[in-house]
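Novice: Input structure: model_7.txt, which contains compact mmCIF, C-alpha atoms.
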```
# COMPACT_ATOMS: atom_id res chain seq x y z
CA GLY A 1 25.47 51.22 4.88
CA GLY A 2 23.41 48.11 4.30
CA PRO A 3 22.72 46.43 0.99
CA LEU A 4 20.53 48.18 -1.54
CA PRO A 5 16.86 47.16 -1.55
CA HIS A 6 17.10 45.60 -4.98
CA SER A 7 19.98 43.36 -3.85
CA LYS A 8 17.84 41.47 -1.35
CA LYS A 9 17.24 37.91 -2.35
CA LYS A 10 13.62 36.99 -2.64
CA LYS A 11 12.67 33.71 -1.10
CA LYS A 12 11.00 31.42 -3.55
CA LYS A 13 7.66 30.19 -2.39
CA LYS A 14 7.52 26.43 -2.28
CA LYS A 15 4.77 25.08 -4.43
CA LYS A 16 2.51 22.84 -2.43
CA LYS A 17 2.30 19.35 -3.82
CA PRO A 18 -1.15 17.83 -4.26
CA VAL A 19 -2.12 14.69 -2.37
CA GLN A 20 -0.95 11.98 -4.77
CA ASN A 21 -2.99 9.04 -3.49
CA LEU A 22 -6.32 8.74 -1.74
CA ARG A 23 -8.11 5.52 -0.85
CA ALA A 24 -11.84 5.42 -1.50
CA SER A 25 -12.48 5.00 2.23
CA ASP A 26 -10.46 8.14 3.00
CA ALA A 27 -12.20 10.09 0.24
CA LYS A 28 -15.57 9.05 1.66
CA ASN A 29 -14.50 10.21 5.13
CA LEU A 30 -13.37 13.53 3.63
CA LEU A 31 -16.78 14.14 2.08
CA THR A 32 -18.50 13.15 5.32
CA HIS A 33 -16.30 15.56 7.28
CA TYR A 34 -17.45 18.44 5.09
CA ASN A 35 -21.04 17.16 5.02
CA MET A 36 -21.06 16.99 1.23
CA LYS A 37 -23.24 14.59 -0.74
CA ILE A 38 -23.44 13.95 -4.47
CA HIS A 39 -26.95 13.42 -5.79
CA PRO A 40 -27.40 10.52 -8.25
CA LYS A 41 -28.37 13.07 -10.91
CA GLY A 42 -24.96 14.71 -10.57
CA PHE A 43 -25.38 17.81 -8.45
CA ALA A 44 -23.69 18.44 -5.10
CA LEU A 45 -25.55 18.91 -1.83
CA VAL A 46 -23.66 21.02 0.71
CA ASP A 47 -24.62 23.18 3.68
CA LEU A 48 -23.08 26.67 3.68
CA ASP A 49 -25.56 28.27 6.10
CA GLY A 50 -23.22 28.60 9.02
CA ASN A 51 -19.74 29.55 10.13
CA SER A 52 -18.23 26.26 11.24
CA PRO A 53 -14.54 25.52 10.43
CA GLN A 54 -15.69 23.13 7.69
CA GLN A 55 -17.96 25.72 6.12
CA GLN A 56 -15.17 28.30 6.21
CA VAL A 57 -12.90 25.91 4.31
CA LEU A 58 -15.61 25.33 1.71
CA ARG A 59 -15.75 29.06 1.07
CA THR A 60 -12.03 29.32 0.28
CA PRO A 61 -11.20 29.48 -3.45
CA GLY A 62 -10.96 26.08 -5.09
CA SER A 63 -11.97 24.00 -2.05
CA MET A 64 -15.58 23.50 -3.06
CA GLU A 65 -14.64 22.57 -6.62
CA THR A 66 -12.04 20.06 -5.42
CA LEU A 67 -14.46 18.34 -3.06
CA ILE A 68 -17.11 18.17 -5.77
CA LYS A 69 -14.57 16.41 -8.02
CA VAL A 70 -13.80 13.99 -5.17
CA GLY A 71 -17.55 13.37 -4.91
CA TYR A 72 -17.89 12.68 -8.64
CA SER A 73 -14.92 10.30 -8.39
CA MET A 74 -16.62 8.41 -5.56
CA VAL A 75 -19.76 8.01 -7.66
CA ALA A 76 -17.64 6.48 -10.44
CA LEU A 77 -15.84 4.13 -8.02
CA GLU A 78 -19.12 2.97 -6.51
CA LYS A 79 -20.32 2.07 -10.01
CA GLY A 80 -17.30 -0.16 -10.68
CA VAL A 81 -14.53 2.15 -11.88
CA LYS A 82 -11.28 1.15 -10.15
CA ARG A 83 -9.36 4.42 -10.25
CA ALA A 84 -10.21 8.09 -10.72
CA HIS A 85 -7.69 10.87 -11.45
CA ILE A 86 -8.33 14.48 -10.44
CA LEU A 87 -6.24 16.91 -12.53
CA ALA A 88 -5.82 20.65 -12.75
CA PRO A 89 -7.00 22.14 -16.09
CA GLU A 90 -3.47 22.77 -17.35
CA ASN A 91 -1.78 21.98 -20.64
CA GLY A 92 -0.03 18.62 -20.52
CA ALA A 93 -1.61 17.58 -17.19
CA LEU A 94 -3.16 14.39 -18.57
CA VAL A 95 0.07 13.24 -20.23
CA GLN A 96 2.10 14.01 -17.10
CA GLU A 97 -0.35 12.15 -14.88
CA LEU A 98 -0.45 9.03 -17.03
CA TYR A 99 3.13 8.82 -18.29
CA THR A 100 5.34 10.07 -15.46
CA ARG A 101 6.13 8.30 -12.22
CA ASP A 102 4.92 11.04 -9.87
CA GLY A 103 2.10 12.36 -12.03
CA CYS A 104 0.61 15.78 -11.26
CA GLY A 105 -2.82 15.09 -9.82
CA THR A 106 -4.60 13.04 -7.19
CA LEU A 107 -5.40 9.37 -7.71
CA ILE A 108 -8.43 7.96 -5.90
CA SER A 109 -8.74 4.18 -5.95
CA ARG A 110 -10.96 1.53 -4.48
CA ASP A 111 -9.61 0.00 -1.30
CA LEU A 112 -8.10 -3.22 -2.59
CA TYR A 113 -6.71 -3.95 0.88
CA GLU A 114 -10.03 -4.09 2.70
CA GLY A 115 -9.94 -7.03 5.10
CA ILE A 116 -6.20 -6.77 5.85
CA ARG A 117 -5.18 -5.78 9.37
CA ARG A 118 -2.42 -6.22 11.91
CA ALA A 119 -2.68 -9.57 13.68
CA ASP A 120 -3.19 -9.97 17.43
CA VAL A 121 -2.90 -12.88 19.87
CA ASN A 122 -6.40 -14.08 18.97
CA ASP A 123 -5.11 -14.84 15.45
CA VAL A 124 -2.28 -17.16 16.52
CA SER A 125 -4.25 -20.40 16.09
CA GLY A 126 -5.63 -19.30 12.71
CA ILE A 127 -2.17 -18.36 11.42
CA TYR A 128 -0.71 -21.61 12.75
CA ASP A 129 -3.38 -23.70 10.99
CA LEU A 130 -2.83 -21.79 7.74
CA ILE A 131 0.95 -22.21 7.61
CA ASP A 132 1.21 -25.71 9.15
CA PRO A 133 0.85 -27.64 5.85
CA LEU A 134 3.75 -25.65 4.35
CA VAL A 135 5.83 -26.17 7.49
CA ARG A 136 5.26 -29.93 7.24
CA ALA A 137 6.24 -29.85 3.56
CA GLY A 138 9.51 -28.11 4.47
CA THR A 139 8.62 -24.95 2.53
CA LEU A 140 8.44 -22.79 5.66
CA VAL A 141 10.61 -22.72 8.75
CA PRO A 142 8.72 -24.21 11.74
CA ARG A 143 6.88 -21.56 13.77
CA PRO A 144 5.42 -22.95 17.00
CA LYS A 145 2.47 -21.09 18.52
CA SER A 146 4.70 -19.70 21.27
CA LYS A 147 6.96 -18.07 18.67
CA LEU A 148 3.98 -16.73 16.70
CA GLU A 149 2.53 -15.23 19.88
CA LYS A 150 5.85 -13.58 20.73
CA GLU A 151 6.21 -12.04 17.24
CA ILE A 152 2.50 -11.46 16.51
CA THR A 153 2.80 -7.67 16.14
CA GLY A 154 4.88 -8.23 13.00
CA TYR A 155 2.17 -10.34 11.33
CA TYR A 156 -0.75 -9.19 9.20
CA VAL A 157 -3.83 -11.16 8.24
CA TYR A 158 -6.37 -11.05 5.44
CA THR A 159 -9.76 -12.12 6.74
CA ARG A 160 -13.04 -13.01 5.12
CA ASP A 161 -16.11 -13.60 7.28
CA GLY A 162 -13.85 -14.16 10.27
CA LEU A 163 -11.63 -16.72 8.49
CA ILE A 164 -7.94 -15.97 7.99
CA VAL A 165 -7.38 -16.59 4.27
CA ALA A 166 -3.88 -15.09 4.01
CA THR A 167 -1.06 -13.93 6.23
CA GLY A 168 2.33 -12.27 5.98
CA GLN A 169 5.09 -11.04 8.25
CA LEU A 170 7.09 -7.82 7.99
CA LYS A 171 10.46 -7.29 9.71
CA ARG A 172 12.38 -4.04 9.52
CA PHE A 173 16.18 -3.92 9.38
CA GLU A 174 18.79 -1.18 9.37
CA GLY A 175 19.74 0.70 6.24
CA GLY A 176 16.24 0.97 4.76
CA PHE A 177 15.64 -2.80 4.45
CA ALA A 178 12.58 -4.86 5.30
CA GLU A 179 11.93 -8.59 5.04
CA ILE A 180 8.61 -10.04 3.97
CA GLY A 181 8.17 -13.54 5.31
CA CYS A 182 5.57 -16.24 5.89
CA LEU A 183 3.44 -15.01 2.96
CA VAL A 184 0.79 -17.72 2.76
CA VAL A 185 -2.65 -17.83 1.13
CA ASN A 186 -5.32 -20.44 1.79
CA LYS A 187 -5.39 -22.76 -1.24
CA ASP A 188 -9.12 -22.14 -1.72
CA TYR A 189 -8.56 -18.38 -2.14
CA ARG A 190 -5.44 -18.20 -4.31
CA LYS A 191 -7.31 -17.12 -7.44
CA GLY A 192 -8.77 -14.00 -5.85
CA GLY A 193 -5.62 -11.88 -5.79
CA ARG A 194 -5.18 -12.22 -2.02
CA GLY A 195 -1.48 -12.94 -2.32
CA ASP A 196 -0.93 -9.83 -4.42
CA ALA A 197 -3.04 -7.76 -2.05
CA MET A 198 -1.05 -8.94 0.97
CA LEU A 199 2.27 -8.34 -0.81
CA GLY A 200 1.17 -4.88 -1.95
CA TYR A 201 -0.02 -4.01 1.54
CA LEU A 202 3.29 -5.07 3.12
CA GLU A 203 5.27 -3.19 0.46
CA ARG A 204 3.30 -0.01 1.22
CA LEU A 205 3.95 -0.48 4.94
CA SER A 206 7.66 -0.90 4.22
CA LEU A 207 7.74 2.33 2.22
CA GLN A 208 5.87 4.21 4.95
CA CYS A 209 8.49 2.99 7.45
CA GLY A 210 11.33 4.26 5.25
CA ALA A 211 12.33 0.83 3.94
CA ARG A 212 12.64 0.98 0.15
CA LYS A 213 14.45 -2.34 -0.21
CA VAL A 214 12.29 -5.37 0.53
CA PHE A 215 13.48 -8.95 0.35
CA VAL A 216 12.17 -12.50 0.71
CA LEU A 217 13.91 -15.80 1.41
CA SER A 218 12.81 -19.24 0.25
CA THR A 219 14.17 -22.65 -0.64
CA GLN A 220 11.54 -22.95 -3.39
CA THR A 221 11.32 -21.55 -6.91
CA MET A 222 10.34 -17.90 -6.70
CA ASP A 223 8.81 -17.24 -10.13
CA TRP A 224 5.81 -15.55 -8.48
CA PHE A 225 8.05 -12.94 -6.86
CA ILE A 226 10.17 -12.51 -10.00
CA GLU A 227 7.01 -11.64 -11.94
CA ARG A 228 6.40 -8.92 -9.35
CA GLY A 229 9.75 -7.17 -9.71
CA PHE A 230 12.03 -9.12 -7.37
CA ARG A 231 15.44 -10.34 -8.49
CA GLU A 232 17.83 -12.87 -7.01
CA VAL A 233 20.71 -11.42 -4.99
CA SER A 234 23.57 -12.76 -2.86
CA VAL A 235 23.71 -13.02 0.92
CA GLU A 236 26.07 -10.03 0.91
CA SER A 237 23.18 -7.87 -0.34
CA LEU A 238 21.33 -8.34 2.96
CA PRO A 239 21.74 -5.87 5.83
CA PRO A 240 24.53 -6.99 8.23
CA SER A 241 22.19 -8.01 11.06
CA ARG A 242 20.20 -10.25 8.69
CA GLN A 243 23.37 -11.75 7.22
CA ALA A 244 24.29 -12.84 10.73
CA LEU A 245 20.98 -14.74 11.01
CA TYR A 246 21.17 -16.39 7.59
CA ASN A 247 20.94 -20.19 7.82
CA LYS A 248 23.62 -21.53 5.47
CA LYS A 249 22.44 -25.12 5.92
CA ARG A 250 18.98 -24.26 4.64
CA LYS A 251 20.48 -22.54 1.55
CA SER A 252 17.53 -20.24 1.01
CA LYS A 253 17.50 -18.13 -2.12
CA ILE A 254 17.21 -14.38 -1.62
CA TYR A 255 15.07 -12.14 -3.80
CA MET A 256 15.04 -8.37 -3.44
CA LYS A 257 13.06 -5.47 -4.82
CA GLU A 258 13.72 -1.73 -4.58
CA ILE A 259 10.58 0.41 -4.36
CA ASP A 260 10.93 3.78 -6.08
CA GLY A 261 7.83 5.32 -4.51
CA GLU A 262 4.05 5.27 -4.14
CA ARG A 263 3.47 5.52 -7.89
CA ASP A 264 5.69 2.48 -8.41
CA LEU A 265 3.33 0.52 -6.15
CA ASP A 266 0.29 2.06 -7.84
CA ALA A 267 1.47 0.67 -11.19
CA ALA A 268 1.98 -2.79 -9.70
CA GLU A 269 -1.41 -2.60 -8.01
CA LEU A 270 -3.12 -1.73 -11.29
CA TRP A 271 -1.44 -4.69 -12.98
CA TRP A 272 -2.47 -7.34 -10.44
CA SER A 273 -5.94 -5.94 -9.84
CA ASN A 274 -6.60 -6.20 -13.58
CA GLN A 275 -5.50 -9.84 -13.54
CA VAL A 276 -8.24 -10.80 -11.10
CA SER A 277 -11.00 -8.55 -12.38
```
Transcribe the structure of this file into structure tokens.

Specialist:
Amino acid sequence: GGPLPHSKKKKKKKKKKPVQNLRASDAKNLLTHYNMKIHPKGFALVDLDGNSPQQQVLRTPGSMETLIKVGYSMVALEKGVKRAHILAPENGALVQELYTRDGCGTLISRDLYEGIRRADVNDVSGIYDLIDPLVRAGTLVPRPKSKLEKEITGYYVYTRDGLIVATGQLKRFEGGFAEIGCLVVNKDYRKGGRGDAMLGYLERLSLQCGARKVFVLSTQTMDWFIERGFREVSVESLPPSRQALYNKKRKSKIYMKEIDGERDLDAAELWWSNQVS
């Protein structure tokens, strides 16, 4: 005979985790998708007279309430608030959200990375002009236009009115490592947090690619990176393939940072965005 009914093991249902982070642009697209608008006086405008997939979702328990909260959050962000937290009405939720790494709700924040994009061949001259003074000073390794063009897909640029005001390069290595290089900001824009925005953007890309350990190399003093959680390490700390490329004659210092997760970057983002506000 088979096992008794009461001896069967019940499978535990996995609790679905809420979306931890949402950019303001994504939240706006979400509201547009469901054709929901928040009136300035505070009430929600939504069309339920139909049977479209979106309207069916809105009728499911909790969906309408969640989207309304997203809408209220967007109103706050548009009026200058930097971050909005959506929490379930549970005991301890506020404390858990604010004082634990993973939190328990959804964080919606203004898009501090607006203007940053992957570079293309049309950006080669702009990147070259931006980094050339530092190359001449010996701070950066020479990068001729031919080399920039060949490696352009690894570069990212921060633009303002068509002008490249900052750039950075991201290289992935084995073992969950990534190198951030050629991080340069136009001297006229260094007080606007562009360097922090570019660093934060590249760190988020690294994490999305599975690289939790990011490192930078430089012959100069690296106080700026140390203030942002990097620490000096030896050549042996680099992944083997990068060790093989290390230029011993240049004697670059190596600084590395281990990213714990999205909330780790959120905390850093809040710190630097407050410095420039």

Novice: Report the distance between CA of Gly71 (chain A) and CA of Lys28 (chain A) in Å, rounded to one decimal place.

Specialist: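 So the two atoms, CA of Gly71 (chain A) and CA of Lys28 (chain A), lie 8.1 Å apart.
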
Novice: So how many Å separate CA of Asn29 (chain A) and CA of Ser52 (chain A), to one decimal?

Specialist: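 We find that CA of Asn29 (chain A) and CA of Ser52 (chain A) lie 17.6 Å from each other.
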
Novice: Counting only C-alpha atoms, which residues have an atom no more than 10 Å from (18.7, -27.7, 6.4) in the file's coordinates? Please list them as a PyMOL selection string.

Specialist: chain A and resi 138+141+219+247-252

Novice: Emit as lines of an AutoDock Vina configuration file the padded axis-aligned box for all listed atoms of region 167-175 of chain A, 3 Å per side, with centre and edge lengths in Å to one decimal.

Specialist:
```
center_x = 9.3
center_y = -6.6
center_z = 7.8
size_x = 26.8
size_y = 20.6
size_z = 9.7
```

Novice: With only C-alpha atoms counted, which protein, DNA or RNA residues have an atom no more than 6 Å from (7.4, -4.5, 3.2) in the file frame? Please answer as an MDAnalysis selection string.

Specialist: chainID A and resid 170 178 180 202:203 205:206 214

Novice: Rounded to one decimal, what separation in Å do you get between CA of Asp264 (chain A) and CA of Lys82 (chain A)?

Specialist: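 Spanning CA of Asp264 (chain A) to CA of Lys82 (chain A) is a straight-line distance of 17.1 Å.
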
Novice: Pick out the residues sitting within 8 Å of Leu140 (chain A), and hand them over as a list in words; count all atoms listed in the file, and ignore anything fewer than 2 positions along from it in its own chain.

Specialist: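 What passes the distance filter is Ile131, Leu134, Val135, Arg136, Ala137, Gly138, Pro142, Cys182 and Ser218 of chain A.
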
Novice: Using all atoms listed in the file, which protein or nucleic acid residues come within 8 Å of region 237-241 of chain A? Drop anything in the same chain fewer than 5 positions from it, and give the result as a ChimeraX atom specification.

Specialist: /A:173-175,177

Novice: Which residue, A:Val184, A:Met36, A:Val157, A:Ala267, has the smallest gap to Leu48 (chain A) when you use all atoms listed in the file?

Specialist: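 Checking each of A:Val184, A:Met36, A:Val157, A:Ala267 against Leu48 (chain A), counting all atoms listed in the file, the winner is A:Met36.
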
Novice: Can you pull out the residues contacting Val19 (chain A)? Cut-off 12 Å, using all atoms listed in the file, and skip same-chain residues under 3 positions away; I want them as a list in words.

Specialist: Lys16, Leu22, Arg23, Asp26, Ala27, Thr66, His85, Ile86, Leu87, Asp102, Gly103, Cys104, Gly105, Thr106, Leu107, Ile108 and Glu262 of chain A

Novice: Name all residues at most 7 Å from Val124 (chain A) (count only C-alpha atoms; drop same-chain ones fewer than 5 positions away) and give them as a CSV table (one decimal) with C-alpha atoms, in the frame of the given file.

Specialist:
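The resulting file, out_29.csv, is shown below:
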```csv
chain,number,residue,atom,x,y,z
A,145,LYS,CA,2.5,-21.1,18.5
A,148,LEU,CA,4.0,-16.7,16.7
A,149,GLU,CA,2.5,-15.2,19.9
```

Novice: Determine, counting all atoms listed in the file, which protein, DNA and RNA residues have an atom within 10 Å of an atom of Gly154 (chain A); residues of the same chain fewer than 6 positions away are not included. Present the result as number ranges by chain.

Specialist: A: 118-120, 148, 168-172, 180-181
